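S.K.: Next comes run.txt, compact mmCIF, C-alpha atoms (C1' of nucleotides):
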```txt
# COMPACT_ATOMS: atom_id res chain seq x y z
CA MET A 1 -67.18 -29.11 -85.29
CA GLN A 2 -70.05 -29.97 -87.56
CA ILE A 3 -68.37 -32.94 -89.21
CA LEU A 4 -68.13 -34.81 -85.90
CA ASN A 5 -71.84 -34.36 -85.31
CA GLU A 6 -72.68 -35.52 -88.80
CA ILE A 7 -70.52 -38.61 -88.48
CA TYR A 8 -72.13 -39.45 -85.16
CA ASP A 9 -75.65 -39.03 -86.50
CA ARG A 10 -74.86 -41.17 -89.51
CA LEU A 11 -73.34 -43.96 -87.44
CA LEU A 12 -76.15 -43.96 -84.92
CA LYS A 13 -78.75 -44.10 -87.65
CA HIS A 14 -76.91 -46.88 -89.42
CA PHE A 15 -76.03 -49.11 -86.47
CA GLY A 16 -78.35 -48.01 -83.66
CA PRO A 17 -77.25 -47.75 -80.00
CA GLN A 18 -74.45 -50.17 -79.08
CA HIS A 19 -75.29 -50.61 -75.39
CA TRP A 20 -71.72 -50.81 -74.21
CA TRP A 21 -71.27 -51.94 -70.63
CA PRO A 22 -74.79 -51.01 -69.53
CA GLY A 23 -75.65 -53.65 -66.94
CA ASP A 24 -72.24 -54.74 -65.71
CA GLY A 25 -71.08 -53.23 -62.45
CA ALA A 26 -68.32 -50.66 -62.48
CA PHE A 27 -65.81 -53.10 -61.08
CA GLU A 28 -66.41 -55.63 -63.82
CA VAL A 29 -66.15 -52.87 -66.39
CA MET A 30 -62.68 -51.97 -65.15
CA ILE A 31 -61.53 -55.59 -65.18
CA GLY A 32 -62.92 -55.93 -68.69
CA ALA A 33 -61.13 -52.78 -69.82
CA ILE A 34 -57.79 -54.34 -68.91
CA LEU A 35 -58.60 -57.79 -70.28
CA THR A 36 -59.72 -56.44 -73.65
CA GLN A 37 -56.35 -54.91 -74.52
CA ASN A 38 -55.67 -55.96 -78.11
CA THR A 39 -58.17 -58.76 -77.66
CA ASN A 40 -61.55 -59.75 -79.05
CA TRP A 41 -64.38 -59.01 -76.62
CA THR A 42 -65.87 -62.51 -76.89
CA ASN A 43 -62.66 -63.89 -75.44
CA VAL A 44 -62.84 -61.40 -72.62
CA GLU A 45 -66.37 -62.51 -71.78
CA LYS A 46 -65.17 -66.06 -71.31
CA ALA A 47 -62.47 -64.87 -68.93
CA ILE A 48 -64.91 -62.72 -66.95
CA ASN A 49 -67.33 -65.63 -66.72
CA ASN A 50 -64.52 -67.73 -65.26
CA LEU A 51 -63.87 -65.05 -62.66
CA ARG A 52 -67.57 -64.80 -61.89
CA THR A 53 -67.97 -68.55 -61.51
CA ALA A 54 -64.91 -68.69 -59.27
CA LYS A 55 -66.48 -65.87 -57.23
CA VAL A 56 -63.33 -63.78 -57.19
CA LEU A 57 -64.75 -60.61 -58.72
CA SER A 58 -64.06 -58.21 -55.88
CA PRO A 59 -61.08 -55.99 -55.04
CA GLU A 60 -60.47 -57.77 -51.74
CA ILE A 61 -60.38 -61.26 -53.20
CA LEU A 62 -58.40 -60.39 -56.30
CA ASN A 63 -55.89 -58.65 -54.09
CA LEU A 64 -55.27 -61.91 -52.24
CA ILE A 65 -55.52 -64.49 -55.03
CA ASP A 66 -52.14 -65.51 -56.35
CA THR A 67 -51.13 -64.31 -59.75
CA GLU A 68 -50.66 -67.81 -61.11
CA LYS A 69 -54.22 -68.84 -60.29
CA LEU A 70 -55.59 -65.60 -61.67
CA ALA A 71 -53.68 -66.21 -64.89
CA GLN A 72 -55.34 -69.60 -65.34
CA LEU A 73 -58.81 -68.12 -64.83
CA ILE A 74 -58.32 -65.42 -67.45
CA LYS A 75 -56.59 -67.68 -69.96
CA PRO A 76 -59.23 -67.30 -72.73
CA ALA A 77 -58.50 -63.57 -72.89
CA GLY A 78 -54.98 -64.20 -74.15
CA TYR A 79 -51.74 -62.66 -72.83
CA TYR A 80 -52.89 -64.21 -69.59
CA ASN A 81 -49.61 -64.02 -67.69
CA ILE A 82 -49.04 -60.35 -68.36
CA LYS A 83 -52.71 -59.48 -67.89
CA ALA A 84 -52.79 -61.25 -64.52
CA LYS A 85 -49.94 -58.98 -63.42
CA ARG A 86 -51.71 -55.93 -64.80
CA LEU A 87 -54.91 -56.79 -62.96
CA LYS A 88 -52.94 -57.26 -59.75
CA ASN A 89 -51.18 -53.92 -60.26
CA PHE A 90 -54.52 -52.19 -60.72
CA ILE A 91 -56.11 -53.87 -57.71
CA LYS A 92 -53.17 -53.05 -55.49
CA TRP A 93 -53.40 -49.41 -56.55
CA LEU A 94 -57.15 -49.45 -55.86
CA MET A 95 -56.60 -50.88 -52.37
CA ASP A 96 -53.64 -48.66 -51.52
CA THR A 97 -55.21 -45.45 -52.83
CA TYR A 98 -58.92 -45.87 -52.11
CA ASP A 99 -59.09 -48.84 -49.77
CA GLY A 100 -60.85 -50.72 -52.55
CA ASP A 101 -63.78 -48.30 -52.41
CA LEU A 102 -65.06 -47.43 -55.89
CA LYS A 103 -67.22 -44.59 -54.57
CA ARG A 104 -64.10 -42.91 -53.26
CA MET A 105 -62.20 -43.61 -56.45
CA PHE A 106 -64.94 -42.11 -58.63
CA LYS A 107 -65.20 -39.02 -56.45
CA THR A 108 -61.70 -38.05 -57.56
CA ASN A 109 -61.63 -35.36 -60.24
CA LEU A 110 -61.06 -36.45 -63.82
CA SER A 111 -57.49 -35.30 -64.44
CA THR A 112 -56.19 -36.50 -61.08
CA LEU A 113 -57.82 -39.88 -61.53
CA ARG A 114 -56.46 -40.19 -65.05
CA GLU A 115 -52.94 -39.49 -63.83
CA GLY A 116 -53.40 -42.09 -61.11
CA LEU A 117 -54.53 -44.73 -63.57
CA LEU A 118 -51.69 -43.95 -65.97
CA SER A 119 -49.19 -44.43 -63.16
CA ILE A 120 -50.14 -48.10 -63.00
CA SER A 121 -47.96 -50.42 -65.05
CA GLY A 122 -50.26 -52.08 -67.56
CA ILE A 123 -52.73 -49.23 -67.89
CA GLY A 124 -52.12 -46.96 -70.87
CA PRO A 125 -54.21 -44.11 -72.24
CA GLU A 126 -56.96 -46.17 -73.85
CA THR A 127 -57.51 -48.40 -70.84
CA ALA A 128 -57.44 -45.39 -68.51
CA ASP A 129 -59.98 -43.52 -70.61
CA SER A 130 -62.21 -46.59 -70.87
CA ILE A 131 -62.24 -46.90 -67.10
CA LEU A 132 -62.92 -43.18 -66.71
CA LEU A 133 -65.76 -43.17 -69.22
CA TYR A 134 -67.45 -46.54 -68.85
CA ALA A 135 -66.91 -47.22 -65.15
CA ALA A 136 -66.45 -43.81 -63.51
CA LYS A 137 -68.87 -42.12 -65.96
CA LYS A 138 -66.56 -39.19 -66.51
CA PRO A 139 -66.40 -37.33 -69.85
CA SER A 140 -63.09 -38.73 -71.10
CA PHE A 141 -63.16 -39.60 -74.79
CA VAL A 142 -61.68 -43.00 -75.64
CA VAL A 143 -59.37 -43.28 -78.63
CA ASP A 144 -58.36 -46.62 -80.06
CA ALA A 145 -56.80 -48.21 -83.12
CA TYR A 146 -60.09 -47.99 -85.02
CA THR A 147 -60.49 -44.31 -84.25
CA TYR A 148 -57.05 -43.62 -85.62
CA ARG A 149 -57.47 -45.87 -88.67
CA ILE A 150 -60.88 -44.56 -89.65
CA PHE A 151 -60.16 -40.89 -89.16
CA SER A 152 -56.74 -40.97 -90.78
CA ARG A 153 -58.03 -43.06 -93.67
CA HIS A 154 -60.67 -40.44 -94.31
CA ASN A 155 -58.06 -37.69 -94.06
CA LEU A 156 -59.67 -36.10 -91.04
CA ILE A 157 -56.41 -36.33 -89.07
CA PRO A 158 -52.78 -36.52 -90.23
CA ASP A 159 -50.97 -39.86 -90.03
CA GLU A 160 -48.66 -38.75 -87.25
CA THR A 161 -51.39 -37.55 -84.87
CA THR A 162 -50.82 -38.71 -81.31
CA TYR A 163 -53.31 -40.28 -78.94
CA ASP A 164 -53.79 -37.13 -76.90
CA GLU A 165 -54.22 -35.02 -80.01
CA ILE A 166 -57.00 -37.25 -81.32
CA LYS A 167 -58.62 -37.27 -77.91
CA SER A 168 -58.55 -33.46 -77.82
CA PHE A 169 -59.93 -33.30 -81.35
CA PHE A 170 -63.11 -34.96 -80.10
CA GLU A 171 -63.30 -33.36 -76.67
CA ASP A 172 -62.71 -29.83 -77.95
CA ASN A 173 -65.39 -30.14 -80.60
CA LEU A 174 -68.14 -32.03 -78.82
CA PRO A 175 -70.27 -31.17 -75.80
CA ASP A 176 -68.96 -32.59 -72.52
CA ASP A 177 -71.47 -35.41 -72.49
CA VAL A 178 -70.76 -38.83 -70.97
CA ALA A 179 -73.58 -40.57 -72.83
CA LEU A 180 -72.42 -39.08 -76.13
CA PHE A 181 -68.77 -40.08 -75.59
CA ASN A 182 -69.91 -43.56 -74.59
CA GLU A 183 -71.99 -44.11 -77.70
CA TYR A 184 -69.58 -42.39 -80.07
CA HIS A 185 -66.63 -44.59 -79.21
CA ALA A 186 -68.76 -47.73 -79.35
CA LEU A 187 -70.05 -46.74 -82.78
CA ILE A 188 -66.53 -46.13 -84.05
CA VAL A 189 -65.52 -49.61 -82.93
CA ARG A 190 -68.57 -51.09 -84.63
CA LEU A 191 -67.75 -49.25 -87.85
CA GLY A 192 -64.13 -50.35 -87.69
CA LYS A 193 -65.00 -53.99 -87.17
CA GLU A 194 -67.40 -54.16 -90.07
CA TYR A 195 -66.10 -51.69 -92.61
CA CYS A 196 -62.57 -50.53 -91.83
CA LYS A 197 -60.42 -53.59 -91.35
CA LYS A 198 -56.66 -53.48 -91.60
CA SER A 199 -56.52 -55.73 -94.62
CA LYS A 200 -59.05 -53.70 -96.59
CA PRO A 201 -57.48 -50.38 -97.52
CA LEU A 202 -60.71 -49.12 -99.07
CA CYS A 203 -64.06 -49.31 -97.33
CA GLU A 204 -66.37 -49.83 -100.26
CA LYS A 205 -69.74 -49.51 -98.61
CA CYS A 206 -68.62 -47.36 -95.72
CA PRO A 207 -71.66 -45.81 -93.99
CA LEU A 208 -69.71 -42.57 -93.84
CA LYS A 209 -69.69 -42.28 -97.60
CA GLY A 210 -70.88 -38.85 -98.60
CA VAL A 211 -70.50 -37.32 -95.16
CA ILE A 212 -66.89 -36.33 -95.62
CA VAL A 213 -66.19 -33.81 -98.35
CA GLY A 214 -63.70 -35.00 -100.97
CA ASP A 215 -63.78 -38.54 -99.70
C1' DT B 1 -54.89 -71.21 -93.13
C1' DG B 2 -53.16 -66.97 -91.71
C1' DC B 3 -54.76 -62.83 -89.99
C1' DC B 4 -56.90 -60.16 -86.65
C1' DA B 5 -58.72 -58.58 -82.05
C1' DG B 6 -61.84 -52.41 -77.99
C1' DG B 7 -52.79 -52.13 -76.05
C1' DC B 8 -48.89 -51.71 -73.33
C1' DC B 9 -44.26 -52.41 -71.60
C1' DG B 10 -39.32 -52.55 -71.73
C1' DG B 11 -35.06 -52.67 -73.99
C1' DG B 12 -32.33 -51.09 -77.79
C1' DT B 13 -30.91 -47.48 -80.84
C1' DA C 1 -37.47 -39.47 -78.27
C1' DC C 2 -38.90 -43.11 -81.27
C1' DC C 3 -38.93 -48.14 -82.72
C1' DC C 4 -39.94 -52.75 -82.20
C1' DG C 5 -40.38 -57.50 -80.34
C1' DG C 6 -43.06 -59.88 -77.11
C1' DC C 7 -47.22 -61.18 -75.08
C1' DA C 8 -51.45 -65.67 -76.51
C1' DT C 9 -56.18 -67.26 -77.09
C1' DG C 10 -60.19 -68.02 -80.16
C1' DG C 11 -63.01 -66.91 -84.42
C1' DC C 12 -63.50 -66.47 -89.16
```
Could you render the structure from this file as structure tokens?
M.R.:
Amino acid sequence: MQILNEIYDRLLKHFGPQHWWPGDGAFEVMIGAILTQNTNWTNVEKAINNLRTAKVLSPEILNLIDTEKLAQLIKPAGYYNIKAKRLKNFIKWLMDTYDGDLKRMFKTNLSTLREGLLSISGIGPETADSILLYAAKKPSFVVDAYTYRIFSRHNLIPDETTYDEIKSFFEDNLPDDVALFNEYHALIVRLGKEYCKKSKPLCEKCPLKGVIVGD
DNA sequence: TGCCAGGCCGGGT
DNA sequence: ACCCGGCATGGC
């Protein structure tokens, strides 16, 4: 679909590459994906720094650390009690299923791995897709609140569109390209943060102005 | 100051 | 099958 390409080109030109999760290891990316649920990324960075300083950023150690201590370390990320449980659930699954071996985990085919992730309590569609795309480098498009808000606000999708429908909208109309999916989602988040906030029903100087017909 | 942030679960209807 | 309250810190 041409409109998706045009939106991407416009956003990339306007914001430049977003460099999401480039240097962090895959394991840290997955931890970050869980910690960032409904939470500002700067808060997540503080939590990850705590984990790094405490030298607990490995599947083996996190599997053994008690949930209470983990909760204290990730406190800046908010929802720390529930997120500590979610991290433990994920780590236990990783140990039980792949013996904590990321290489083995990432060798699993996309749909099987997605089902596995979704079976974990605390990992929903966005977190699963973030892990698949940004850690496992698989072509799974990530949808989030910004994606929905921006595209529905511009009348590109109906209000009642579900997560999986929006995901398919992108995947069915874009080439199966990990780097493209990576950058596209990051650009949508950037656009949402700066121009499509909840409290502002109209995005006055939206960079997409003129791209969408009748908008 | 109140609102918002890169969601998800579980219980109630 | 939806709907909604709860979860919580930090920045503007």
S.K.: Quick one: which residues from chain A are at most 8 Å off chain C, using only C-alpha atoms (C1' of nucleotides), as a PyMOL selection string?
M.R.: chain A and resi 43+75-80+82
S.K.: To one decimal place, how far is CA of Ala33 (chain A) from CA of Leu208 (chain A) in Å?
M.R.: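 Interatomic distance, CA of Ala33 (chain A) to CA of Leu208 (chain A): 27.5 Å.
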S.K.: Between CA of Ala26 (chain A) and CA of Ala145 (chain A), what is the distance in Å, rounded to a tenth?
M.R.: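 These atoms are spaced 23.8 Å apart.
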S.K.: Show me which bits of chain B are within 7 Å of chain A, counting all atoms listed in the file, as a list in words.
M.R.: DA5, DG6, DG7 and DC8 of chain B
S.K.: Could the residues in this selection be saved with C-alpha atoms (C1' of nucleotides) as a PDB file, in the frame of the given file?
M.R.:
```
ATOM      1  C1'  DA B   5     -58.720 -58.580 -82.050  1.00  0.00           C
ATOM      2  C1'  DG B   6     -61.840 -52.410 -77.990  1.00  0.00           C
ATOM      3  C1'  DG B   7     -52.790 -52.130 -76.050  1.00  0.00           C
ATOM      4  C1'  DC B   8     -48.890 -51.710 -73.330  1.00  0.00           C
TER       5       DC B   8
END
```
S.K.: Quick one, how far is CA of Asp176 (chain A) from CA of Ile91 (chain A)?
M.R.: 28.9 Å
S.K.: Give me, as a ChimeraX atom specification, all polymer residues having an atom no more than 12 Å from Pro158 (chain A), counting only C-alpha atoms (C1' of nucleotides) and skipping those fewer than 6 positions away in the same chain.
M.R.: /A:148-152,165-166,169
S.K.: Using all atoms listed in the file, can you tell me which of A:Val211, A:Gly192, A:Phe141, A:Ile157 comes closest to Phe170 (chain A)?
M.R.: A:Phe141
